[in-house]
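The next block holds one structure in the form of structure tokens; read it before the comments.
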Number of protein chains: 2
Amino acid sequence: MNPPLPRLTSCSAVLTHEVEVLDEFGRRKTMSIPAERPLTVFVDKRELVTLMTLGVAPELLVLGYLRNQRLVADVGEIESITVDWEVGAAAVRTRAGIADIEAKTAQRTVTTGCGQGTVFGALMADVEAVQLPGAQSARLSQAALYEMLDQMRRQDSVYKKAGSVHGCALFRGAELLVHREDVGRHNAIDNIAGWMWMNGVTGGDKCFYTTGRLTSEMVMKSAQMGVPIIVSRNGITQMGHALASQLGLTLIGRAKNRHFICYSGFERFDSKPEPARETVELGG
Amino acid sequence: MNPPLPRLTSCSAVLTHEVEVLDEFGRRKTMSIPAERPLTVFVDKRELVTLMTLGVAPELLVLGYLRNQRLVADVGEIESITVDWEVGAAAVRTRAGIADIEAKTAQRTVTTGCGQGTVFGALMADVEAVQLPGAQSARLSQAALYEMLDQMRRQDSVYKKAGSVHGCALFRGAELLVHREDVGRHNAIDNIAGWMWMNGVTGGDKCFYTTGRLTSEMVMKSAQMGVPIIVSRNGITQMGHALASQLGLTLIGRAKNRHFICYSGFERFDSKPEPARETVELGG
């Protein structure tokens with residue numbers, strides 16, 4: 001019998017904040033900026049890390065963080081996650097402790113993305129262990145890609161109101177399952193990782209959309225969740241490209257309106273070419 | 001007598017990389033993407049961290065990283081930095097060791113920016129110690145801001161060729177002193193921090209331009225370097241705003257062409273308003 005799902009609080013928080021600004025016309029006015037708050041994670045009363053977050057579904061963020069840092073292998077290992085914004089803390093209680101937590105959090109790799117990301121442990125060493133579904137069963141068509149981009153364009157968001165956040169969404173074909181925003185794009189994908197665990201959703205027939213770049217860290221997180229396709233409105237880095245090529249993961253970048261570049265995993269993509277016309281292409 | 005400057009190797013590396021892609025017209029073609037390589041930093045033979053980097057001036061990146069993580073208080077503490085790309089390592093030799101290196105690197109704060117940034121130590125606890133020059137001596141005019149933006153627009157860059165990198169530049173008024181790009185924007189500012197130390201350049205009369213968001217980590221790094229003004233083509237986060245307001249640091253975001261929003265430190269900015277016209281404003 002599987003252990004029950006973790007008990008989670010369901011904390012909410014104000015997501016935007018008004019500030020007074022000065023513009024190029026010399027006008028003072030108020031504008032909305034995204035909220036950002038520290039959340040210190042304690043695992044069995046031991047301090048693990050402080051995450052800076054917008055504040056959407058913080059319990060799922062913490063759960064997904066533990067999952068994507070591979071500190072926890074199964075959702076059943078967690079008994080409860082209790083967030084209290086007044087003290088900025090998330091208290092995680094496990095059923096049987098986390099084995100080797102000292103060793104697992106000892107090594108630091110400052111990966112890139114836009115900032116200097118933290119991945120505890122030798123993430124890259126386990127690339128060989130990742131098994132994604134074959135190209136026959138996990139595919140994306142050009143039409144579904146366009147529908148996905150159109151949905152993201154129409155999606156209500158903190159970004160539209162206040163800018164300066166990253167978004168991540170999980171799709172099944174052209175069907176949007178969940179959309180999350182955070183000040184950091186890694187928080188947004190971690191939040192979805194937590195959501196997938198709580199809802200028993202697997203990754204094999206899914207696709208991620210992200211506003212962030214296609215970096216090695218994004219590719220690795222997606223692969224760990226079993227999601228074989230990532231679409232981004234942004235570009236790619238060399239390590240992201242190398243890792244995706246090795247894993248057979250499909251990366252589509254610079255995706256906006258009816259434009260995109262497929263960088264890897266062409267075999268999962270059903271191309272339906274646009275009529276040719278004269279174009280000027282941008283780099284990478 | 002001051003100790004001599006550190007001896008540095010001057011390693012170069014290929015900055016872009018060609019990959020085969022597929023576009024919306026079904027065409028296979030080659031495009032350039034930015035390079036990205038791991039650089040493991042050893043301090044007195046002890047492994048500290050692995051940085052993922054584009055590869056520009058890696059010795060200055062390492063020096064600036066040590067400076068901005070406040071592991072080293074003065075450039076004279078470093079005897080040499082030797083980078084070897086064949087093994088992806090930077091060997092730092094100090095003159096007298098780094099006191100309390102274990103304690104200084106023990107605490108983790110996963111800040112945001114776009115990724116999950118690493119700042120060792122309780123950065124925020126030292127905000128009170130930062131003293132920026134007064135608003136009378138460190139100012140920026142609207143005309144100098146426009147000139148700065150125009151120079152950045154015309155600047156040759158990896159970004160123009162291959163996309164997907166962040167840039168940071170140091171200005172004195174409208175004079176561009178140094179421009180650095182990296183896969184992560186924190187690497188770019190760290191690289192400039194190293195350059196400033198090697199060239200004996202102080203921050204009080206300078207201004208940073210960055211392509212990244214105005215986050216708390218950017219504000220703190222800039223403040224530590226004594227640079228009281230940051231201009232970004234991107235937006236702002238709440239912690240960045242709060243910290244800058246506390247420090248009296250001027251933040252100007254969404255800066256492009258003749259548009260910008262000054263979010264904090266209005267007293268350092270000499271406004272010369274554009275003629276009023278009807279506009280539609282975007283969020284934060």
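Going through the structure tokens in order, the chains are called A, B, and so on, while each chain numbers its residues from 1 and the ligands are numbered from 1 in the order shown.
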- prompt: Do you know which residues are at most 12 Å from Arg172 (chain B) counting only C-alpha atoms, after dropping those on the same chain fewer than 4 positions away, and could you put them as a list in words?
  reply: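 Skipping anything fewer than 4 positions along the chain leaves Ala138, Arg139, Leu140, Ser141, Ala144, Leu145, Glu147, Met148, Leu176, Leu177, Val178, Val201, Thr202, Gly203, Gly204, Asp205, Lys206, Cys207, Phe208, Tyr209, Val227, Pro228, Ile229 and Ile230 of chain B.
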- request: Taking the chain letters and numbering used in this document, name the residues of region 84-208 of chain A that DSSP puts in strand (DSSP E or B), as a VMD selection string.
  value: chain A and resid 84 89 to 94 108 to 111 117 to 120 140 to 141 166 to 172 175 to 182 207 to 208
Residues within 8 Å of region 2-5 of chain B, only C-alpha atoms, excluding chain neighbours under 4 positions, as a PDB file with C-alpha atoms, in the first residue's frame:
ATOM      1  CA  VAL B  75      43.054  41.928  -4.126  1.00  0.00           C
ATOM      2  CA  GLY B  76      46.434  41.744  -2.393  1.00  0.00           C
ATOM      3  CA  GLU B  77      45.349  38.587  -0.591  1.00  0.00           C
ATOM      4  CA  ILE B  78      45.576  36.650  -3.869  1.00  0.00           C
ATOM      5  CA  GLU B  79      48.981  35.538  -5.116  1.00  0.00           C
ATOM      6  CA  MET B 198      43.136  44.423 -11.182  1.00  0.00           C
TER       7      MET B 198
END
Close residues, Gln224 (chain B) itself excluded, 12 Å, only C-alpha atoms, min 3 positions apart in chain, as a compact mmCIF listing (two decimals) with N, CA and C atoms, in the first residue's frame:
# COMPACT_ATOMS: atom_id res chain seq x y z
N GLY B 64 36.68 38.08 -9.28
CA GLY B 64 35.47 38.82 -8.92
C GLY B 64 34.48 37.97 -8.14
N ARG B 67 35.68 38.01 -4.68
CA ARG B 67 35.40 39.33 -4.12
C ARG B 67 33.92 39.47 -3.76
N ASN B 68 33.04 39.14 -4.71
CA ASN B 68 31.61 39.38 -4.49
C ASN B 68 30.98 38.39 -3.51
N GLN B 69 31.60 37.24 -3.35
CA GLN B 69 31.14 36.33 -2.28
C GLN B 69 31.78 36.71 -0.96
N ARG B 70 32.59 37.74 -0.99
CA ARG B 70 33.28 38.27 0.19
C ARG B 70 34.13 37.22 0.89
N ALA B 73 38.87 40.04 0.99
CA ALA B 73 38.54 41.45 1.23
C ALA B 73 39.40 42.40 0.42
N LEU B 123 24.71 37.63 3.39
CA LEU B 123 24.90 38.88 2.68
C LEU B 123 24.06 40.01 3.24
N MET B 124 22.79 39.71 3.40
CA MET B 124 21.85 40.76 3.76
C MET B 124 22.15 41.36 5.12
N ASP B 126 24.76 42.41 6.24
CA ASP B 126 25.80 43.45 6.21
C ASP B 126 25.40 44.69 5.45
N VAL B 127 24.11 44.79 5.14
CA VAL B 127 23.65 45.94 4.37
C VAL B 127 24.04 47.25 5.05
N GLU B 128 23.93 47.25 6.37
CA GLU B 128 24.20 48.49 7.10
C GLU B 128 25.64 48.98 6.91
N ALA B 129 26.54 48.06 6.62
CA ALA B 129 27.95 48.42 6.51
C ALA B 129 28.26 49.17 5.20
N VAL B 130 27.37 49.06 4.20
CA VAL B 130 27.66 49.66 2.90
C VAL B 130 27.45 51.17 2.95
N GLN B 131 28.45 51.92 2.51
CA GLN B 131 28.36 53.38 2.44
C GLN B 131 28.57 53.82 1.00
N LEU B 132 27.52 54.29 0.36
CA LEU B 132 27.65 54.79 -1.01
C LEU B 132 27.91 56.29 -0.97
N ILE B 189 28.85 40.39 -14.00
CA ILE B 189 29.19 41.45 -13.03
C ILE B 189 30.39 41.02 -12.18
N ASP B 190 30.51 39.75 -11.87
CA ASP B 190 31.69 39.28 -11.12
C ASP B 190 32.97 39.51 -11.93
N ALA B 193 33.92 42.95 -11.55
CA ALA B 193 34.48 43.15 -10.20
C ALA B 193 35.96 42.78 -10.17
N THR B 202 37.78 52.27 -8.72
CA THR B 202 36.77 52.30 -7.66
C THR B 202 35.40 52.62 -8.27
N GLY B 203 34.35 52.44 -7.46
CA GLY B 203 33.00 52.47 -8.01
C GLY B 203 32.22 53.76 -7.83
N GLY B 204 32.68 54.64 -6.95
CA GLY B 204 31.84 55.76 -6.52
C GLY B 204 31.29 56.65 -7.62
N GLU B 217 20.31 40.54 -5.51
CA GLU B 217 21.69 40.10 -5.65
C GLU B 217 22.50 41.10 -6.49
N MET B 218 21.89 41.62 -7.56
CA MET B 218 22.58 42.63 -8.37
C MET B 218 22.82 43.90 -7.56
N VAL B 219 21.80 44.30 -6.80
CA VAL B 219 21.92 45.52 -6.01
C VAL B 219 23.02 45.35 -4.96
N MET B 220 23.04 44.20 -4.30
CA MET B 220 24.04 43.98 -3.27
C MET B 220 25.44 43.95 -3.85
N LYS B 221 25.60 43.28 -4.99
CA LYS B 221 26.94 43.24 -5.61
C LYS B 221 27.40 44.64 -6.01
N VAL B 227 29.32 50.98 -6.41
CA VAL B 227 28.70 51.61 -7.60
C VAL B 227 27.25 51.96 -7.25
N PRO B 228 26.91 53.26 -7.25
CA PRO B 228 25.63 53.69 -6.69
C PRO B 228 24.46 53.74 -7.68
N LEU B 247 19.55 51.41 0.68
CA LEU B 247 20.95 51.81 0.49
C LEU B 247 21.10 53.17 -0.19
N LEU B 249 20.56 53.57 -3.39
CA LEU B 249 21.12 53.23 -4.70
C LEU B 249 20.06 53.52 -5.77
Take chain B, superimpose it onto chain A by least squares using every C-alpha atom paired in sequence order, and output the result as a tab-separated table (two decimals) with C-alpha atoms, in the first residue's frame.
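Wrote it out as out-v3.tsv, contents follow:
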chain	number	residue	atom	x	y	z
B	1	MET	CA	0.06	-0.02	0.04
B	2	ASN	CA	1.38	3.43	-0.88
B	3	PRO	CA	1.84	5.92	1.95
B	4	PRO	CA	-0.73	8.75	1.91
B	5	LEU	CA	0.09	12.03	0.19
B	6	PRO	CA	1.73	14.70	2.34
B	7	ARG	CA	-0.47	17.09	4.28
B	8	LEU	CA	0.12	20.61	3.00
B	9	THR	CA	-0.97	23.99	4.25
B	10	SER	CA	-2.34	26.22	1.48
B	11	CYS	CA	-0.77	29.58	2.11
B	12	SER	CA	-1.51	32.47	-0.16
B	13	ALA	CA	0.27	35.78	-0.44
B	14	VAL	CA	-0.07	39.12	-2.18
B	15	LEU	CA	1.68	38.75	-5.55
B	16	THR	CA	2.26	42.36	-6.55
B	17	HIS	CA	3.34	45.47	-4.79
B	18	GLU	CA	2.98	49.15	-5.73
B	19	VAL	CA	5.96	51.46	-5.90
B	20	GLU	CA	6.41	55.09	-6.85
B	21	VAL	CA	8.52	55.62	-9.96
B	22	LEU	CA	9.78	58.40	-12.24
B	23	ASP	CA	9.55	58.04	-16.01
B	24	GLU	CA	11.21	59.65	-19.06
B	25	PHE	CA	8.57	62.40	-19.08
B	26	GLY	CA	9.56	63.40	-15.54
B	27	ARG	CA	6.29	62.06	-14.19
B	28	ARG	CA	5.95	60.50	-10.75
B	29	LYS	CA	3.47	57.64	-10.75
B	30	THR	CA	2.78	54.27	-9.15
B	31	MET	CA	3.48	50.97	-10.84
B	32	SER	CA	3.10	47.32	-9.85
B	33	ILE	CA	6.16	45.15	-9.32
B	34	PRO	CA	6.16	41.45	-8.45
B	35	ALA	CA	6.39	40.45	-4.80
B	36	GLU	CA	9.45	38.56	-3.59
B	37	ARG	CA	9.87	36.99	-0.18
B	38	PRO	CA	12.32	34.67	1.53
B	39	LEU	CA	11.20	31.19	2.47
B	40	THR	CA	13.58	29.23	4.66
B	41	VAL	CA	13.13	25.49	4.32
B	42	PHE	CA	13.60	23.30	7.39
B	43	VAL	CA	13.65	19.52	6.94
B	44	ASP	CA	12.92	17.69	10.18
B	45	LYS	CA	13.89	20.91	12.01
B	46	ARG	CA	17.23	21.17	10.21
B	47	GLU	CA	17.72	24.33	8.08
B	48	LEU	CA	18.28	23.41	4.44
B	49	VAL	CA	18.07	26.49	2.22
B	50	THR	CA	16.41	29.87	1.79
B	51	LEU	CA	14.43	30.29	-1.43
B	52	MET	CA	13.38	33.71	-2.72
B	53	THR	CA	9.90	33.39	-4.14
B	54	LEU	CA	6.91	35.25	-5.55
B	55	GLY	CA	4.74	33.27	-3.12
B	56	VAL	CA	2.43	31.14	-5.30
B	57	ALA	CA	1.70	27.71	-3.80
B	58	PRO	CA	4.84	27.70	-1.63
B	59	GLU	CA	4.17	24.16	-0.33
B	60	LEU	CA	4.40	22.79	-3.89
B	61	LEU	CA	7.53	24.84	-4.50
B	62	VAL	CA	9.19	23.24	-1.48
B	63	LEU	CA	8.02	19.77	-2.47
B	64	GLY	CA	9.26	20.23	-6.03
B	65	TYR	CA	12.55	21.69	-4.81
B	66	LEU	CA	13.19	18.59	-2.68
B	67	ARG	CA	12.23	16.44	-5.67
B	68	ASN	CA	14.37	18.26	-8.24
B	69	GLN	CA	17.38	18.44	-5.93
B	70	ARG	CA	16.83	14.69	-5.57
B	71	LEU	CA	16.76	14.89	-1.81
B	72	VAL	CA	13.52	12.90	-1.88
B	73	ALA	CA	12.86	10.06	-4.31
B	74	ASP	CA	9.14	9.59	-3.72
B	75	VAL	CA	6.31	11.89	-2.59
B	76	GLY	CA	5.37	9.30	0.03
B	77	GLU	CA	8.55	10.09	1.95
B	78	ILE	CA	7.07	13.45	3.00
B	79	GLU	CA	4.56	13.54	5.84
B	80	SER	CA	3.75	17.25	5.83
B	81	ILE	CA	4.83	20.70	4.64
B	82	THR	CA	3.75	23.66	6.75
B	83	VAL	CA	4.38	27.17	5.47
B	84	ASP	CA	4.11	30.21	7.71
B	85	TRP	CA	4.64	33.52	5.91
B	86	GLU	CA	4.81	35.44	9.19
B	87	VAL	CA	8.15	33.85	9.93
B	88	GLY	CA	9.02	33.08	6.29
B	89	ALA	CA	9.50	29.39	7.00
B	90	ALA	CA	8.50	26.06	5.50
B	91	ALA	CA	8.67	23.16	7.94
B	92	VAL	CA	9.02	19.83	6.15
B	93	ARG	CA	8.41	16.68	8.13
B	94	THR	CA	9.56	13.40	6.60
B	95	ARG	CA	8.33	9.94	7.54
B	96	ALA	CA	11.78	8.46	8.03
B	97	GLY	CA	14.33	11.25	7.61
B	98	ILE	CA	16.43	11.90	4.51
B	99	ALA	CA	19.34	9.49	4.32
B	100	ASP	CA	22.75	11.10	3.78
B	101	ILE	CA	21.31	14.63	3.71
B	102	GLU	CA	24.74	16.01	4.68
B	103	ALA	CA	26.47	14.25	1.80
B	104	LYS	CA	23.70	15.08	-0.69
B	105	THR	CA	23.89	18.80	0.00
B	106	ALA	CA	27.67	19.04	0.29
B	107	GLN	CA	28.72	19.63	-3.32
B	108	ARG	CA	27.94	22.88	-5.05
B	109	THR	CA	27.63	23.48	-8.71
B	110	VAL	CA	26.92	27.04	-9.63
B	111	THR	CA	25.09	26.56	-12.88
B	112	THR	CA	24.04	29.41	-14.98
B	113	GLY	CA	20.64	30.07	-16.38
B	114	CYS	CA	20.44	33.80	-15.85
B	115	GLY	CA	21.69	33.70	-12.30
B	116	GLN	CA	23.95	31.34	-10.51
B	117	GLY	CA	21.83	28.30	-9.84
B	118	THR	CA	22.35	25.83	-7.06
B	119	VAL	CA	22.18	22.16	-7.73
B	120	PHE	CA	23.22	20.04	-4.82
B	121	GLY	CA	25.01	16.87	-5.73
B	122	ALA	CA	26.58	15.65	-8.90
B	123	LEU	CA	23.51	16.01	-11.09
B	124	MET	CA	25.37	15.48	-14.29
B	125	ALA	CA	26.81	12.18	-13.15
B	126	ASP	CA	23.35	10.61	-13.30
B	127	VAL	CA	22.47	11.53	-16.85
B	128	GLU	CA	22.85	7.94	-17.93
B	129	ALA	CA	20.12	6.86	-15.53
B	130	VAL	CA	17.44	8.99	-17.22
B	131	GLN	CA	15.14	7.07	-19.59
B	132	LEU	CA	12.75	9.17	-21.65
B	133	PRO	CA	9.91	7.63	-23.67
B	134	GLY	CA	10.70	6.87	-27.31
B	135	ALA	CA	10.08	9.27	-30.17
B	136	GLN	CA	7.12	7.20	-31.39
B	137	SER	CA	5.07	7.72	-28.23
B	138	ALA	CA	6.12	11.24	-27.18
B	139	ARG	CA	5.75	13.74	-29.99
B	140	LEU	CA	4.76	17.34	-30.69
B	141	SER	CA	3.26	18.64	-33.91
B	142	GLN	CA	3.83	22.09	-35.36
B	143	ALA	CA	0.08	22.75	-35.06
B	144	ALA	CA	0.05	21.80	-31.33
B	145	LEU	CA	3.11	23.99	-30.80
B	146	TYR	CA	1.32	27.00	-32.33
B	147	GLU	CA	-1.75	26.32	-30.20
B	148	MET	CA	0.45	26.11	-27.09
B	149	LEU	CA	2.11	29.44	-27.89
B	150	ASP	CA	-1.27	31.03	-28.48
B	151	GLN	CA	-2.55	29.82	-25.10
B	152	MET	CA	0.50	31.18	-23.33
B	153	ARG	CA	0.00	34.52	-25.10
B	154	ARG	CA	-3.59	34.71	-23.84
B	155	GLN	CA	-2.81	33.44	-20.32
B	156	ASP	CA	-3.55	35.81	-17.43
B	157	SER	CA	-0.34	36.42	-15.50
B	158	VAL	CA	1.61	38.41	-12.96
B	159	TYR	CA	4.00	39.08	-15.84
B	160	LYS	CA	1.35	41.03	-17.73
B	161	LYS	CA	0.55	43.10	-14.66
B	162	ALA	CA	3.99	43.63	-13.17
B	163	GLY	CA	6.70	42.15	-15.42
B	164	SER	CA	9.93	40.65	-14.06
B	165	VAL	CA	8.75	37.11	-13.38
B	166	HIS	CA	9.34	33.86	-15.22
B	167	GLY	CA	6.60	31.45	-16.15
B	168	CYS	CA	6.50	27.72	-16.70
B	169	ALA	CA	3.60	25.60	-17.89
B	170	LEU	CA	2.89	21.92	-18.36
B	171	PHE	CA	1.00	20.81	-21.46
B	172	ARG	CA	-0.46	17.54	-22.70
B	173	GLY	CA	-0.47	18.16	-26.46
B	174	ALA	CA	-2.13	21.55	-26.74
B	175	GLU	CA	-3.94	21.19	-23.38
B	176	LEU	CA	-2.63	23.47	-20.62
B	177	LEU	CA	-2.55	21.53	-17.33
B	178	VAL	CA	-0.86	23.99	-14.97
B	179	HIS	CA	0.89	27.35	-15.23
B	180	ARG	CA	3.17	28.76	-12.55
B	181	GLU	CA	5.12	31.98	-12.21
B	182	ASP	CA	7.92	32.92	-9.88
B	183	VAL	CA	10.74	35.44	-9.61
B	184	GLY	CA	13.10	32.66	-10.67
B	185	ARG	CA	12.32	30.29	-13.50
B	186	HIS	CA	13.72	27.37	-11.50
B	187	ASN	CA	11.16	28.00	-8.81
B	188	ALA	CA	8.44	27.91	-11.45
B	189	ILE	CA	9.47	24.48	-12.74
B	190	ASP	CA	10.04	23.19	-9.20
B	191	ASN	CA	6.52	24.31	-8.30
B	192	ILE	CA	5.16	22.26	-11.21
B	193	ALA	CA	7.26	19.29	-10.09
B	194	GLY	CA	5.51	19.48	-6.72
B	195	TRP	CA	2.11	19.80	-8.42
B	196	MET	CA	2.80	16.70	-10.54
B	197	TRP	CA	3.68	14.64	-7.48
B	198	MET	CA	0.61	15.75	-5.53
B	199	ASN	CA	-1.63	15.03	-8.51
B	200	GLY	CA	-0.02	11.75	-9.59
B	201	VAL	CA	0.81	13.22	-13.01
B	202	THR	CA	3.66	11.62	-14.95
B	203	GLY	CA	5.76	13.35	-17.59
B	204	GLY	CA	6.10	10.98	-20.53
B	205	ASP	CA	3.28	12.41	-22.67
B	206	LYS	CA	3.78	16.03	-21.56
B	207	CYS	CA	5.64	19.11	-22.72
B	208	PHE	CA	7.04	22.06	-20.78
B	209	TYR	CA	6.72	25.66	-21.83
B	210	THR	CA	9.15	28.08	-20.17
B	211	THR	CA	9.95	31.75	-20.55
B	212	GLY	CA	13.55	31.07	-19.49
B	213	ARG	CA	16.49	29.92	-21.53
B	214	LEU	CA	17.09	26.28	-22.41
B	215	THR	CA	19.96	25.67	-19.98
B	216	SER	CA	21.43	22.41	-18.71
B	217	GLU	CA	19.59	22.85	-15.44
B	218	MET	CA	16.21	23.16	-17.18
B	219	VAL	CA	16.97	20.15	-19.36
B	220	MET	CA	18.06	18.06	-16.39
B	221	LYS	CA	15.00	18.98	-14.33
B	222	SER	CA	12.67	18.23	-17.21
B	223	ALA	CA	14.39	14.89	-17.84
B	224	GLN	CA	14.18	13.93	-14.16
B	225	MET	CA	10.43	14.57	-14.33
B	226	GLY	CA	10.26	12.41	-17.45
B	227	VAL	CA	9.11	15.29	-19.69
B	228	PRO	CA	10.77	14.79	-23.09
B	229	ILE	CA	9.97	18.13	-24.78
B	230	ILE	CA	10.68	21.74	-23.71
B	231	VAL	CA	9.49	24.83	-25.55
B	232	SER	CA	10.91	28.25	-24.71
B	233	ARG	CA	10.36	31.72	-26.03
B	234	ASN	CA	14.06	32.24	-25.23
B	235	GLY	CA	17.33	30.80	-26.61
B	236	ILE	CA	19.68	28.01	-25.67
B	237	THR	CA	23.05	27.46	-24.04
B	238	GLN	CA	25.70	24.97	-25.13
B	239	MET	CA	25.36	22.75	-22.07
B	240	GLY	CA	21.60	22.68	-22.46
B	241	HIS	CA	22.04	21.64	-26.08
B	242	ALA	CA	24.66	18.99	-25.28
B	243	LEU	CA	22.64	17.45	-22.48
B	244	ALA	CA	19.40	17.36	-24.49
B	245	SER	CA	21.19	15.78	-27.44
B	246	GLN	CA	22.60	13.13	-25.15
B	247	LEU	CA	19.21	12.42	-23.59
B	248	GLY	CA	17.16	12.55	-26.77
B	249	LEU	CA	15.13	15.43	-25.37
B	250	THR	CA	13.48	17.82	-27.81
B	251	LEU	CA	14.29	21.51	-27.37
B	252	ILE	CA	12.39	24.22	-29.20
B	253	GLY	CA	13.47	27.80	-28.59
B	254	ARG	CA	12.76	31.34	-29.78
B	255	ALA	CA	9.17	30.19	-29.99
B	256	LYS	CA	6.75	33.05	-30.50
B	257	ASN	CA	3.78	33.45	-32.79
B	258	ARG	CA	4.60	31.27	-35.78
B	259	HIS	CA	8.36	31.30	-35.36
B	260	PHE	CA	10.60	28.78	-33.62
B	261	ILE	CA	13.90	26.95	-33.80
B	262	CYS	CA	14.07	23.24	-32.99
B	263	TYR	CA	17.56	22.67	-31.57
B	264	SER	CA	17.51	18.97	-30.71
B	265	GLY	CA	15.35	15.85	-30.79
B	266	PHE	CA	13.98	16.56	-34.30
B	267	GLU	CA	12.60	13.00	-34.37
B	268	ARG	CA	9.87	13.90	-31.85
B	269	PHE	CA	8.69	16.87	-33.88
B	270	ASP	CA	6.10	16.66	-36.64
B	271	SER	CA	7.04	19.49	-38.91
B	272	LYS	CA	4.36	21.09	-41.08
B	273	PRO	CA	6.44	23.75	-42.77
B	274	GLU	CA	5.19	27.27	-43.23
B	275	PRO	CA	5.17	28.46	-46.85
B	276	ALA	CA	8.67	29.68	-47.72
B	277	ARG	CA	9.28	33.41	-47.87
B	278	GLU	CA	12.20	35.79	-47.60
B	279	THR	CA	13.37	36.12	-44.00
B	280	VAL	CA	16.23	37.55	-42.02
B	281	GLU	CA	17.38	35.17	-39.33
B	282	LEU	CA	18.75	36.04	-35.90
B	283	GLY	CA	21.44	34.15	-34.04
B	284	GLY	CA	21.07	31.26	-31.69
